[in-house]
$ cat data10.json   # JSON, C-alpha atoms (C1' of nucleotides)
[["chain", "number", "residue", "atom", "x", "y", "z"],
["A", 1, "MET", "CA", -8.98, 41.89, -8.23],
["A", 2, "SER", "CA", -11.39, 41.53, -5.37],
["A", 3, "LEU", "CA", -10.23, 41.00, -1.80],
["A", 4, "ARG", "CA", -11.64, 37.96, -0.03],
["A", 5, "PHE", "CA", -13.05, 39.32, 3.20],
["A", 6, "ASP", "CA", -14.17, 36.86, 5.83],
["A", 7, "ILE", "CA", -16.89, 38.48, 7.91],
["A", 8, "THR", "CA", -18.91, 36.88, 10.68],
["A", 9, "PRO", "CA", -22.06, 38.85, 11.56],
["A", 10, "GLY", "CA", -23.30, 38.28, 15.09],
["A", 11, "SER", "CA", -19.76, 37.81, 16.31],
["A", 12, "PRO", "CA", -18.86, 39.60, 19.54],
["A", 13, "GLN", "CA", -16.40, 41.58, 17.43],
["A", 14, "PRO", "CA", -18.21, 44.33, 15.50],
["A", 15, "ILE", "CA", -18.26, 43.99, 11.73],
["A", 16, "TYR", "CA", -16.42, 47.25, 11.20],
["A", 17, "GLU", "CA", -13.60, 46.00, 13.43],
["A", 18, "GLN", "CA", -13.43, 42.75, 11.49],
["A", 19, "ILE", "CA", -13.03, 44.70, 8.28],
["A", 20, "GLU", "CA", -10.35, 46.88, 9.86],
["A", 21, "GLY", "CA", -8.52, 43.84, 11.20],
["A", 22, "GLN", "CA", -8.33, 42.09, 7.85],
["A", 23, "ILE", "CA", -7.08, 45.16, 6.07],
["A", 24, "ARG", "CA", -4.53, 45.83, 8.81],
["A", 25, "ARG", "CA", -3.37, 42.25, 8.44],
["A", 26, "TRP", "CA", -3.10, 42.47, 4.67],
["A", 27, "ILE", "CA", -1.03, 45.60, 5.07],
["A", 28, "ALA", "CA", 1.18, 44.06, 7.75],
["A", 29, "THR", "CA", 1.81, 40.96, 5.67],
["A", 30, "GLY", "CA", 2.44, 42.81, 2.44],
["A", 31, "THR", "CA", -0.62, 41.51, 0.64],
["A", 32, "LEU", "CA", -1.69, 45.12, 0.27],
["A", 33, "LYS", "CA", 1.02, 47.56, -0.73],
["A", 34, "GLU", "CA", 1.30, 51.32, -0.85],
["A", 35, "GLY", "CA", -0.92, 52.77, -3.51],
["A", 36, "ASP", "CA", -3.26, 49.78, -3.75],
["A", 37, "GLN", "CA", -6.87, 50.80, -3.97],
["A", 38, "LEU", "CA", -9.50, 49.40, -1.63],
["A", 39, "PRO", "CA", -12.99, 48.52, -2.86],
["A", 40, "SER", "CA", -15.36, 51.45, -2.77],
["A", 41, "VAL", "CA", -17.56, 51.86, 0.28],
["A", 42, "ARG", "CA", -20.67, 50.90, -1.65],
["A", 43, "ALA", "CA", -19.08, 48.03, -3.56],
["A", 44, "LEU", "CA", -17.67, 46.39, -0.45],
["A", 45, "ALA", "CA", -20.92, 46.92, 1.41],
["A", 46, "GLU", "CA", -22.75, 45.07, -1.34],
["A", 47, "GLN", "CA", -20.13, 42.33, -1.50],
["A", 48, "LEU", "CA", -20.48, 41.70, 2.25],
["A", 49, "THR", "CA", -24.25, 42.31, 2.35],
["A", 50, "VAL", "CA", -23.61, 44.97, 4.92],
["A", 51, "ASN", "CA", -24.60, 48.58, 5.34],
["A", 52, "PRO", "CA", -22.37, 51.12, 3.56],
["A", 53, "ASN", "CA", -22.07, 53.04, 6.82],
["A", 54, "THR", "CA", -20.40, 50.02, 8.41],
["A", 55, "VAL", "CA", -17.73, 49.94, 5.72],
["A", 56, "ALA", "CA", -17.38, 53.71, 5.88],
["A", 57, "ARG", "CA", -16.70, 53.49, 9.58],
["A", 58, "ALA", "CA", -13.96, 50.90, 9.10],
["A", 59, "TYR", "CA", -12.33, 53.04, 6.40],
["A", 60, "SER", "CA", -12.72, 56.11, 8.55],
["A", 61, "GLU", "CA", -10.83, 54.58, 11.47],
["A", 62, "LEU", "CA", -8.08, 53.22, 9.24],
["A", 63, "THR", "CA", -7.76, 56.72, 7.79],
["A", 64, "ALA", "CA", -7.50, 58.20, 11.28],
["A", 65, "GLU", "CA", -4.71, 55.75, 12.03],
["A", 66, "GLY", "CA", -2.93, 56.78, 8.87],
["A", 67, "LEU", "CA", -2.85, 53.29, 7.39],
["A", 68, "VAL", "CA", -4.91, 54.37, 4.40],
["A", 69, "ALA", "CA", -5.60, 57.67, 2.70],
["A", 70, "SER", "CA", -8.99, 58.49, 1.31],
["A", 71, "HIS", "CA", -9.77, 61.01, -1.40],
["A", 72, "ALA", "CA", -13.37, 61.95, -2.02],
["A", 73, "GLY", "CA", -14.25, 61.14, -5.59],
["A", 74, "ARG", "CA", -11.23, 58.89, -6.13],
["A", 75, "GLY", "CA", -11.24, 56.22, -3.49],
["A", 76, "VAL", "CA", -9.30, 54.82, -0.55],
["A", 77, "PHE", "CA", -5.69, 53.83, -1.01],
["A", 78, "ILE", "CA", -3.05, 52.12, 1.11],
["A", 79, "ALA", "CA", -0.86, 54.84, 2.59],
["A", 80, "ALA", "CA", 2.90, 54.95, 2.56],
["A", 81, "ARG", "CA", 4.33, 52.88, 5.37],
["A", 82, "ARG", "CA", 5.56, 55.13, 8.12],
["A", 83, "GLN", "CA", 5.86, 55.28, 11.83],
["A", 84, "ILE", "CA", 2.41, 56.18, 12.96],
["A", 85, "TYR", "CA", 2.89, 55.82, 16.69],
["A", 86, "SER", "CA", 5.70, 56.94, 18.94],
["A", 87, "GLU", "CA", 8.06, 54.31, 20.24],
["A", 88, "GLU", "CA", 6.43, 54.66, 23.63],
["A", 89, "GLU", "CA", 2.93, 54.23, 22.25],
["A", 90, "ARG", "CA", 3.95, 51.17, 20.26],
["A", 91, "LEU", "CA", 5.47, 49.50, 23.31],
["A", 92, "ARG", "CA", 2.42, 50.39, 25.35],
["A", 93, "ARG", "CA", 0.17, 48.70, 22.81],
["A", 94, "LEU", "CA", 2.45, 45.70, 22.75],
["A", 95, "SER", "CA", 2.26, 45.44, 26.54],
["A", 96, "CYS", "CA", -1.52, 45.55, 26.51],
["A", 97, "ALA", "CA", -1.67, 42.87, 23.84],
["A", 98, "MET", "CA", 0.74, 40.68, 25.79],
["A", 99, "LYS", "CA", -1.22, 41.04, 29.02],
["A", 100, "ARG", "CA", -4.44, 40.15, 27.23],
["A", 101, "PHE", "CA", -2.75, 37.18, 25.61],
["A", 102, "PHE", "CA", -1.60, 35.75, 28.92],
["A", 103, "ASP", "CA", -4.97, 36.41, 30.50],
["A", 104, "GLU", "CA", -6.48, 34.31, 27.73],
["A", 105, "THR", "CA", -3.98, 31.48, 27.88],
["A", 106, "ALA", "CA", -2.60, 31.23, 31.43],
["A", 107, "PHE", "CA", -5.46, 29.12, 32.68],
["A", 108, "LEU", "CA", -5.01, 26.63, 29.84],
["A", 109, "ASP", "CA", -2.15, 25.20, 31.87],
["A", 110, "ILE", "CA", 0.22, 24.99, 28.92],
["A", 111, "PRO", "CA", 3.89, 25.40, 29.82],
["A", 112, "LEU", "CA", 5.29, 28.83, 28.97],
["A", 113, "ALA", "CA", 8.06, 27.24, 26.92],
["A", 114, "GLU", "CA", 5.56, 25.46, 24.71],
["A", 115, "ILE", "CA", 3.49, 28.60, 24.29],
["A", 116, "LEU", "CA", 6.57, 30.51, 23.17],
["A", 117, "ARG", "CA", 7.55, 27.75, 20.78],
["A", 118, "ARG", "CA", 4.12, 27.73, 19.18],
["A", 119, "LEU", "CA", 4.08, 31.52, 19.07],
["A", 120, "GLU", "CA", 7.30, 31.60, 17.12],
["A", 121, "ALA", "CA", 5.93, 29.10, 14.62],
["A", 122, "ALA", "CA", 2.63, 30.93, 14.34],
["A", 123, "GLY", "CA", 4.43, 34.25, 13.99],
["A", 124, "THR", "CA", 6.62, 33.24, 11.10],
["A", 125, "ASP", "CA", 3.62, 31.58, 9.51],
["A", 126, "TYR", "CA", 1.57, 34.74, 9.99],
["A", 127, "PHE", "CA", 3.99, 36.82, 7.98],
["A", 128, "THR", "CA", 4.75, 34.31, 5.22],
["A", 129, "HIS", "CA", 1.51, 32.43, 4.56],
["A", 130, "SER", "CA", -0.57, 35.54, 4.37],
["A", 131, "PRO", "CA", -4.16, 34.82, 3.41],
["A", 132, "LYS", "CA", -4.89, 34.89, -0.29],
["A", 133, "PRO", "CA", -6.39, 38.13, -1.51],
["B", 1, "MET", "CA", -8.46, 38.26, 53.77],
["B", 2, "SER", "CA", -10.03, 40.36, 51.09],
["B", 3, "LEU", "CA", -8.98, 40.14, 47.44],
["B", 4, "ARG", "CA", -7.97, 43.37, 45.80],
["B", 5, "PHE", "CA", -10.05, 43.55, 42.67],
["B", 6, "ASP", "CA", -9.29, 46.24, 40.13],
["B", 7, "ILE", "CA", -12.47, 47.06, 38.25],
["B", 8, "THR", "CA", -12.93, 49.75, 35.63],
["B", 9, "PRO", "CA", -16.60, 50.57, 34.97],
["B", 10, "GLY", "CA", -17.27, 52.02, 31.54],
["B", 11, "SER", "CA", -14.45, 49.98, 30.07],
["B", 12, "PRO", "CA", -15.20, 48.26, 26.76],
["B", 13, "GLN", "CA", -14.69, 45.03, 28.67],
["B", 14, "PRO", "CA", -17.79, 44.17, 30.72],
["B", 15, "ILE", "CA", -17.42, 44.24, 34.51],
["B", 16, "TYR", "CA", -18.32, 40.57, 34.87],
["B", 17, "GLU", "CA", -15.53, 39.67, 32.46],
["B", 18, "GLN", "CA", -13.06, 41.79, 34.40],
["B", 19, "ILE", "CA", -13.98, 39.92, 37.57],
["B", 20, "GLU", "CA", -13.65, 36.59, 35.76],
["B", 21, "GLY", "CA", -10.29, 37.58, 34.34],
["B", 22, "GLN", "CA", -8.79, 38.54, 37.67],
["B", 23, "ILE", "CA", -9.96, 35.36, 39.35],
["B", 24, "ARG", "CA", -8.71, 33.27, 36.43],
["B", 25, "ARG", "CA", -5.37, 35.00, 36.71],
["B", 26, "TRP", "CA", -5.15, 34.48, 40.48],
["B", 27, "ILE", "CA", -5.88, 30.81, 39.91],
["B", 28, "ALA", "CA", -3.34, 30.53, 37.11],
["B", 29, "THR", "CA", -0.62, 32.21, 39.16],
["B", 30, "GLY", "CA", -1.32, 30.27, 42.33],
["B", 31, "THR", "CA", -2.54, 33.23, 44.35],
["B", 32, "LEU", "CA", -5.81, 31.37, 44.76],
["B", 33, "LYS", "CA", -5.53, 27.68, 45.55],
["B", 34, "GLU", "CA", -7.92, 24.76, 45.65],
["B", 35, "GLY", "CA", -10.42, 25.13, 48.46],
["B", 36, "ASP", "CA", -10.00, 28.87, 48.87],
["B", 37, "GLN", "CA", -13.31, 30.63, 49.30],
["B", 38, "LEU", "CA", -14.30, 33.58, 47.18],
["B", 39, "PRO", "CA", -16.14, 36.58, 48.63],
["B", 40, "SER", "CA", -19.89, 36.11, 48.69],
["B", 41, "VAL", "CA", -21.89, 37.48, 45.79],
["B", 42, "ARG", "CA", -23.38, 40.24, 47.94],
["B", 43, "ALA", "CA", -20.17, 41.09, 49.76],
["B", 44, "LEU", "CA", -18.14, 41.46, 46.57],
["B", 45, "ALA", "CA", -20.95, 43.43, 44.96],
["B", 46, "GLU", "CA", -20.85, 45.88, 47.85],
["B", 47, "GLN", "CA", -17.05, 46.02, 47.83],
["B", 48, "LEU", "CA", -17.03, 46.91, 44.11],
["B", 49, "THR", "CA", -20.17, 49.07, 44.30],
["B", 50, "VAL", "CA", -21.65, 46.85, 41.65],
["B", 51, "ASN", "CA", -24.88, 44.96, 41.29],
["B", 52, "PRO", "CA", -24.98, 41.48, 42.86],
["B", 53, "ASN", "CA", -26.22, 40.10, 39.55],
["B", 54, "THR", "CA", -23.00, 41.20, 37.90],
["B", 55, "VAL", "CA", -20.90, 39.28, 40.40],
["B", 56, "ALA", "CA", -23.26, 36.31, 40.17],
["B", 57, "ARG", "CA", -22.78, 36.22, 36.43],
["B", 58, "ALA", "CA", -19.01, 36.16, 36.76],
["B", 59, "TYR", "CA", -19.20, 33.35, 39.32],
["B", 60, "SER", "CA", -21.70, 31.52, 37.16],
["B", 61, "GLU", "CA", -19.41, 31.47, 34.14],
["B", 62, "LEU", "CA", -16.40, 30.43, 36.18],
["B", 63, "THR", "CA", -18.53, 27.61, 37.57],
["B", 64, "ALA", "CA", -19.53, 26.54, 34.07],
["B", 65, "GLU", "CA", -15.85, 26.43, 33.16],
["B", 66, "GLY", "CA", -15.15, 24.27, 36.17],
["B", 67, "LEU", "CA", -12.61, 26.67, 37.68],
["B", 68, "VAL", "CA", -14.71, 27.17, 40.80],
["B", 69, "ALA", "CA", -17.41, 25.15, 42.51],
["B", 70, "SER", "CA", -20.37, 26.84, 44.10],
["B", 71, "HIS", "CA", -22.57, 25.41, 46.83],
["B", 72, "ALA", "CA", -25.80, 27.15, 47.69],
["B", 73, "GLY", "CA", -25.75, 28.15, 51.30],
["B", 74, "ARG", "CA", -21.99, 27.70, 51.68],
["B", 75, "GLY", "CA", -20.22, 29.78, 49.08],
["B", 76, "VAL", "CA", -17.99, 29.61, 46.02],
["B", 77, "PHE", "CA", -14.67, 27.80, 46.25],
["B", 78, "ILE", "CA", -11.70, 27.30, 43.97],
["B", 79, "ALA", "CA", -12.08, 23.91, 42.33],
["B", 80, "ALA", "CA", -9.47, 21.21, 42.17],
["B", 81, "ARG", "CA", -7.07, 21.83, 39.34],
["B", 82, "ARG", "CA", -7.87, 19.40, 36.60],
["B", 83, "GLN", "CA", -7.98, 19.22, 32.86],
["B", 84, "ILE", "CA", -11.11, 21.12, 32.05],
["B", 85, "TYR", "CA", -10.73, 21.16, 28.30],
["B", 86, "SER", "CA", -9.62, 18.47, 25.94],
["B", 87, "GLU", "CA", -6.17, 18.77, 24.46],
["B", 88, "GLU", "CA", -7.77, 19.74, 21.17],
["B", 89, "GLU", "CA", -9.90, 22.44, 22.76],
["B", 90, "ARG", "CA", -6.94, 23.89, 24.64],
["B", 91, "LEU", "CA", -4.86, 24.12, 21.47],
["B", 92, "ARG", "CA", -7.80, 25.66, 19.63],
["B", 93, "ARG", "CA", -8.07, 28.35, 22.27],
["B", 94, "LEU", "CA", -4.36, 28.92, 22.15],
["B", 95, "SER", "CA", -4.52, 29.33, 18.38],
["B", 96, "CYS", "CA", -7.30, 31.88, 18.63],
["B", 97, "ALA", "CA", -5.39, 33.85, 21.24],
["B", 98, "MET", "CA", -2.24, 33.80, 19.10],
["B", 99, "LYS", "CA", -4.09, 34.97, 16.02],
["B", 100, "ARG", "CA", -5.70, 37.80, 17.96],
["B", 101, "PHE", "CA", -2.34, 38.73, 19.42],
["B", 102, "PHE", "CA", -0.69, 39.01, 16.03],
["B", 103, "ASP", "CA", -3.66, 40.91, 14.64],
["B", 104, "GLU", "CA", -3.12, 43.43, 17.43],
["B", 105, "THR", "CA", 0.63, 43.72, 17.08],
["B", 106, "ALA", "CA", 1.57, 43.02, 13.46],
["B", 107, "PHE", "CA", 0.94, 46.56, 12.32],
["B", 108, "LEU", "CA", 3.16, 47.95, 15.06],
["B", 109, "ASP", "CA", 6.07, 47.00, 12.85],
["B", 110, "ILE", "CA", 8.10, 45.48, 15.66],
["B", 111, "PRO", "CA", 10.41, 42.64, 14.57],
["B", 112, "LEU", "CA", 9.06, 39.19, 15.43],
["B", 113, "ALA", "CA", 12.25, 38.36, 17.31],
["B", 114, "GLU", "CA", 11.82, 41.33, 19.60],
["B", 115, "ILE", "CA", 8.18, 40.51, 20.20],
["B", 116, "LEU", "CA", 9.11, 36.97, 21.20],
["B", 117, "ARG", "CA", 11.86, 38.23, 23.47],
["B", 118, "ARG", "CA", 9.51, 40.58, 25.26],
["B", 119, "LEU", "CA", 6.84, 37.90, 25.46],
["B", 120, "GLU", "CA", 9.21, 35.55, 27.23],
["B", 121, "ALA", "CA", 10.11, 38.24, 29.75],
["B", 122, "ALA", "CA", 6.48, 39.23, 30.26],
["B", 123, "GLY", "CA", 5.48, 35.58, 30.56],
["B", 124, "THR", "CA", 7.91, 34.69, 33.33],
["B", 125, "ASP", "CA", 6.98, 37.93, 35.04],
["B", 126, "TYR", "CA", 3.29, 37.09, 34.74],
["B", 127, "PHE", "CA", 3.69, 33.84, 36.64],
["B", 128, "THR", "CA", 6.10, 35.09, 39.30],
["B", 129, "HIS", "CA", 5.10, 38.63, 40.12],
["B", 130, "SER", "CA", 1.45, 37.80, 40.47],
["B", 131, "PRO", "CA", -0.63, 40.72, 41.68],
["B", 132, "LYS", "CA", -1.05, 40.96, 45.44],
["B", 133, "PRO", "CA", -4.31, 39.54, 46.77],
["C", 1, "DT", "C1'", -34.91, 29.60, 63.55],
["C", 2, "DA", "C1'", -32.27, 33.35, 61.92],
["C", 3, "DA", "C1'", -28.83, 34.82, 59.11],
["C", 4, "DG", "C1'", -26.02, 33.93, 55.80],
["C", 5, "DT", "C1'", -25.07, 31.42, 51.32],
["C", 6, "DG", "C1'", -26.01, 30.82, 45.73],
["C", 7, "DT", "C1'", -29.64, 30.97, 42.13],
["C", 8, "DA", "C1'", -33.55, 32.47, 39.21],
["C", 9, "DT", "C1'", -36.75, 35.70, 37.38],
["C", 10, "DT", "C1'", -38.57, 39.86, 35.60],
["C", 11, "DA", "C1'", -38.42, 44.68, 34.46],
["C", 12, "DA", "C1'", -36.21, 48.93, 33.31],
["C", 13, "DT", "C1'", -32.34, 51.73, 31.74],
["C", 14, "DG", "C1'", -28.50, 53.00, 28.98],
["C", 15, "DC", "C1'", -25.37, 52.45, 25.34],
["C", 16, "DA", "C1'", -23.38, 51.02, 21.10],
["C", 17, "DA", "C1'", -23.72, 48.36, 16.77],
["C", 18, "DA", "C1'", -26.02, 48.21, 12.75],
["C", 19, "DT", "C1'", -29.42, 49.40, 9.30],
["C", 20, "DA", "C1'", -31.73, 52.79, 6.54],
["C", 21, "DA", "C1'", -32.51, 56.75, 3.80],
["C", 22, "DT", "C1'", -30.75, 60.83, 2.30],
["C", 23, "DA", "C1'", -27.96, 64.68, 1.09],
["C", 24, "DC", "C1'", -23.62, 66.82, -0.13],
["C", 25, "DA", "C1'", -19.02, 67.47, -2.23],
["C", 26, "DG", "C1'", -15.02, 66.02, -4.92],
["C", 27, "DT", "C1'", -13.17, 63.38, -9.19],
["C", 28, "DT", "C1'", -13.23, 61.37, -13.55],
["C", 29, "DG", "C1'", -14.09, 60.41, -18.27],
["C", 30, "DA", "C1'", -17.12, 60.33, -22.18],
["D", 1, "DT", "C1'", -20.71, 69.92, -19.49],
["D", 2, "DC", "C1'", -22.60, 66.15, -17.34],
["D", 3, "DA", "C1'", -23.32, 61.65, -15.81],
["D", 4, "DA", "C1'", -21.48, 58.33, -12.91],
["D", 5, "DC", "C1'", -18.67, 57.30, -9.88],
["D", 6, "DT", "C1'", -15.95, 58.33, -5.45],
["D", 7, "DG", "C1'", -15.94, 59.51, 0.10],
["D", 8, "DT", "C1'", -18.41, 61.99, 3.84],
["D", 9, "DA", "C1'", -22.12, 63.62, 6.97],
["D", 10, "DT", "C1'", -26.53, 63.56, 9.12],
["D", 11, "DT", "C1'", -30.57, 61.82, 11.30],
["D", 12, "DA", "C1'", -33.72, 58.27, 12.77],
["D", 13, "DT", "C1'", -34.71, 53.61, 14.01],
["D", 14, "DT", "C1'", -34.02, 48.93, 15.43],
["D", 15, "DT", "C1'", -31.62, 45.62, 17.97],
["D", 16, "DG", "C1'", -28.95, 43.40, 21.41],
["D", 17, "DC", "C1'", -26.32, 43.43, 25.56],
["D", 18, "DA", "C1'", -24.49, 45.14, 29.97],
["D", 19, "DT", "C1'", -26.12, 46.75, 34.00],
["D", 20, "DT", "C1'", -29.11, 47.94, 37.68],
["D", 21, "DA", "C1'", -33.03, 46.88, 40.48],
["D", 22, "DA", "C1'", -36.17, 44.36, 43.26],
["D", 23, "DT", "C1'", -37.68, 40.21, 44.56],
["D", 24, "DA", "C1'", -38.29, 35.37, 45.56],
["D", 25, "DC", "C1'", -36.58, 30.75, 46.44],
["D", 26, "DA", "C1'", -33.66, 26.94, 48.17],
["D", 27, "DC", "C1'", -29.78, 25.43, 50.73],
["D", 28, "DT", "C1'", -26.45, 25.54, 54.89],
["D", 29, "DT", "C1'", -24.93, 26.56, 59.25],
["D", 30, "DA", "C1'", -24.62, 28.15, 63.96]]
$ encode --input "data10.json" --output "structure tokens"
Amino acid sequence: MSLRFDITPGSPQPIYEQIEGQIRRWIATGTLKEGDQLPSVRALAEQLTVNPNTVARAYSELTAEGLVASHAGRGVFIAARRQIYSEEERLRRLSCAMKRFFDETAFLDIPLAEILRRLEAAGTDYFTHSPKP
Amino acid sequence: MSLRFDITPGSPQPIYEQIEGQIRRWIATGTLKEGDQLPSVRALAEQLTVNPNTVARAYSELTAEGLVASHAGRGVFIAARRQIYSEEERLRRLSCAMKRFFDETAFLDIPLAEILRRLEAAGTDYFTHSPKP
DNA sequence: TAAGTGTATTAATGCAAATAATACAGTTGA
DNA sequence: TCAACTGTATTATTTGCATTAATACACTTA
């Protein structure tokens, strides 16, 4: 089975971050489970018409985060789900994300109640209608 | 009165975006109101030990968004609050922000309910405890 | 008119993303 | 064993963008 990556070159977000993001999402939503193998660096690079180094960098960072485990000669596999960050670190990251979110939406002049309502809907949708692999 | 900008050079976020963000936030929270005058390009550049062009770029983008109005020879002023974007555009931006938010938080493995609870608290806090000018 | 506004232009610097071309080391299966 | 895969590391180069810099210009106001 081949994962359907959606990459936009020229986007302000670097390609390697886009790759990371999609894999992180697939892991978070259960599309990718422990033990699943990711495409090889070279195969994915060819599939996305991208340099192998770019894919390698994405894999490298995911490995550093502990989300995947790579074994030279075998491949990259989804790691066992475990608590990677401390409770404090997780809340810190959540705070940053929340601040950024409000910075991006406050000036839209949408009532907080409506934003929260839509967030709840989007959130449940995010974890159920995960993108097809 | 002089606004208390908090700029971090070397941050992944460009300086001109940091300036934009703070002004947007002050407008959203009511700290800056219609008609208020912003510091001059040169004055703010000196205050932040930053190049005037950097400040000018921030002001230029805020002007393009319609949040401020600039008049050569007079200065830059907070514009009248009005609907800058169409309803569709506002919801599109909200959707993008929500997606990015979940991409940043999903892998933290924090229950959706708790995220929403914290978001509500952070949201009300965002609009009440606005940063001092 | 002088001193202050915003704006525009051009050049130079620095940094990071991305490509490219290799080389190396571990694993697997014929 | 060996060929064909894996991931990893290194170096060089290109590219684009943020930033600084130095001006110049046009408008406004006292």
$ residues_around --input "data10.json" --residues "B:Glu20" --least-positions-apart "6" --cutoff "8 Å" --atoms "all atoms listed in the file" --output "count of residues only"
4
$ closest_atom_pairs --input "data10.json" --of "stretch 1-116 of chain A" --to "stretch 3-24 of chain D" --cutoff "10 Å" --atoms "only C-alpha atoms (C1' of nucleotides)" --output "JSON lines"
{"residue": "A:Gly10", "atom": "CA", "partner": "D:DG16", "partner_atom": "C1'", "distance": 9.9}
{"residue": "A:Ser40", "atom": "CA", "partner": "D:DT6", "partner_atom": "C1'", "distance": 7.4}
{"residue": "A:Val41", "atom": "CA", "partner": "D:DG7", "partner_atom": "C1'", "distance": 7.8}
{"residue": "A:Arg42", "atom": "CA", "partner": "D:DT6", "partner_atom": "C1'", "distance": 9.6}
{"residue": "A:Ala56", "atom": "CA", "partner": "D:DG7", "partner_atom": "C1'", "distance": 8.3}
{"residue": "A:Tyr59", "atom": "CA", "partner": "D:DG7", "partner_atom": "C1'", "distance": 9.7}
{"residue": "A:Ser60", "atom": "CA", "partner": "D:DT8", "partner_atom": "C1'", "distance": 9.4}
{"residue": "A:Ser70", "atom": "CA", "partner": "D:DG7", "partner_atom": "C1'", "distance": 7.1}
{"residue": "A:His71", "atom": "CA", "partner": "D:DG7", "partner_atom": "C1'", "distance": 6.5}
{"residue": "A:Ala72", "atom": "CA", "partner": "D:DG7", "partner_atom": "C1'", "distance": 4.1}
{"residue": "A:Gly73", "atom": "CA", "partner": "D:DT6", "partner_atom": "C1'", "distance": 3.3}
{"residue": "A:Arg74", "atom": "CA", "partner": "D:DT6", "partner_atom": "C1'", "distance": 4.8}
{"residue": "A:Gly75", "atom": "CA", "partner": "D:DT6", "partner_atom": "C1'", "distance": 5.5}
{"residue": "A:Val76", "atom": "CA", "partner": "D:DG7", "partner_atom": "C1'", "distance": 8.2}
$ atom_distance --input "data10.json" --atom1 "atom CA of B:Leu91" --atom2 "atom CA of B:Gly123"
17.9 Å
$ atom_distance --input "data10.json" --atom1 "atom C1' of C:DT28" --atom2 "atom CA of A:Phe5"
27.7 Å
$ residues_around --input "data10.json" --residues "B:Ala79" --least-positions-apart "5" --cutoff "8 Å" --atoms "only C-alpha atoms (C1' of nucleotides)" --output "PyMOL selection string"
chain B and resi 34-35+66-69
$ residues_around --input "data10.json" --residues "B:Leu108" --least-positions-apart "4" --cutoff "12 Å" --atoms "all atoms listed in the file" --output "PyMOL selection string"
(chain A and resi 24-25+27-29+65+67+81-95+97) or (chain B and resi 101-104+112+114-115)
$ write_last_selection --input "data10.json" --atoms "C-alpha atoms" --output "short mmCIF file (atom, residue, chain, number, x, y, z; two decimals), in the frame of the given file"
data_model
loop_
_atom_site.label_atom_id
_atom_site.label_comp_id
_atom_site.auth_asym_id
_atom_site.auth_seq_id
_atom_site.Cartn_x
_atom_site.Cartn_y
_atom_site.Cartn_z
CA ARG A 24 -4.53 45.83 8.81
CA ARG A 25 -3.37 42.25 8.44
CA ILE A 27 -1.03 45.60 5.07
CA ALA A 28 1.18 44.06 7.75
CA THR A 29 1.81 40.96 5.67
CA GLU A 65 -4.71 55.75 12.03
CA LEU A 67 -2.85 53.29 7.39
CA ARG A 81 4.33 52.88 5.37
CA ARG A 82 5.56 55.13 8.12
CA GLN A 83 5.86 55.28 11.83
CA ILE A 84 2.41 56.18 12.96
CA TYR A 85 2.89 55.82 16.69
CA SER A 86 5.70 56.94 18.94
CA GLU A 87 8.06 54.31 20.24
CA GLU A 88 6.43 54.66 23.63
CA GLU A 89 2.93 54.23 22.25
CA ARG A 90 3.95 51.17 20.26
CA LEU A 91 5.47 49.50 23.31
CA ARG A 92 2.42 50.39 25.35
CA ARG A 93 0.17 48.70 22.81
CA LEU A 94 2.45 45.70 22.75
CA SER A 95 2.26 45.44 26.54
CA ALA A 97 -1.67 42.87 23.84
CA PHE B 101 -2.34 38.73 19.42
CA PHE B 102 -0.69 39.01 16.03
CA ASP B 103 -3.66 40.91 14.64
CA GLU B 104 -3.12 43.43 17.43
CA LEU B 112 9.06 39.19 15.43
CA GLU B 114 11.82 41.33 19.60
CA ILE B 115 8.18 40.51 20.20
#
$ closest_atom_pairs --input "data10.json" --of "chain C" --to "chain A" --cutoff "7 Å" --atoms "all atoms listed in the file" --output "JSON lines"
{"residue": "C:DA17", "atom": "C1'", "partner": "A:Pro14", "partner_atom": "CA", "distance": 6.9}
{"residue": "C:DT19", "atom": "C1'", "partner": "A:Asn51", "partner_atom": "CA", "distance": 6.3}
{"residue": "C:DG26", "atom": "C1'", "partner": "A:Gly73", "partner_atom": "CA", "distance": 5.0}
{"residue": "C:DT27", "atom": "C1'", "partner": "A:Gly73", "partner_atom": "CA", "distance": 4.4}
